[in-house]
Amino acid sequence: MARFDQAAAVAMGINLTDLHCIDLLKDGALSPYQIADRLGLTRPAVTAVLDRLTESGFLIRRPSLTDRRRSEIRLTALGRRRAAKVFGQLGREIENDLGQQSAEERARFVAAIDDLSQACDRASNAIKS
């Protein structure tokens, strides 16, 4: 994954932290607080990420419709296109490889990935404690 992330960041002309932020936002708007929490960054660090990505035309900040004190961060059309290009390529490659596996093998693979993800979450939480 690290090689893909690096190649995707280079292709988009951004750094890895900015790429991870775009990855979070490809599924919809988030608040700066949510982004900070999910990326494990401080709020000032996220502000710098958002500033860079806004200046690059990848993001737009809008006031929240439900809470005037908050803002929502969304990908722009450019951000969505660029994210779709790089992450879509990854999806196609994975689909090509997994498409050759039986349903049972795919299910085992997905279960293993879920287990690894949960192990990473537990380790992350333990390190923070």
# chains A, B, ... in the order shown; residues from 1 in each chain; ligands from 1
>>> residues_around(residues="stretch 12-23 of chain A", least_positions_apart="5", cutoff="12 Å", atoms="only C-alpha atoms", output="PyMOL selection string")
chain A and resi 1-7+28-32+34-41+45-60+73-76+78-88
>>> select_by_dssp(residues="chain A", states="alpha helix (DSSP H)", output="ChimeraX atom specification")
/A:2-12,16-25,32-39,43-55,77-98,103-128
>>> atom_distance(atom1="atom CA of A:Gln89", atom2="atom CA of A:Ser124")
28.5 Å
>>> atom_distance(atom1="atom CA of A:Arg70", atom2="atom CA of A:Tyr33")
9.1 Å
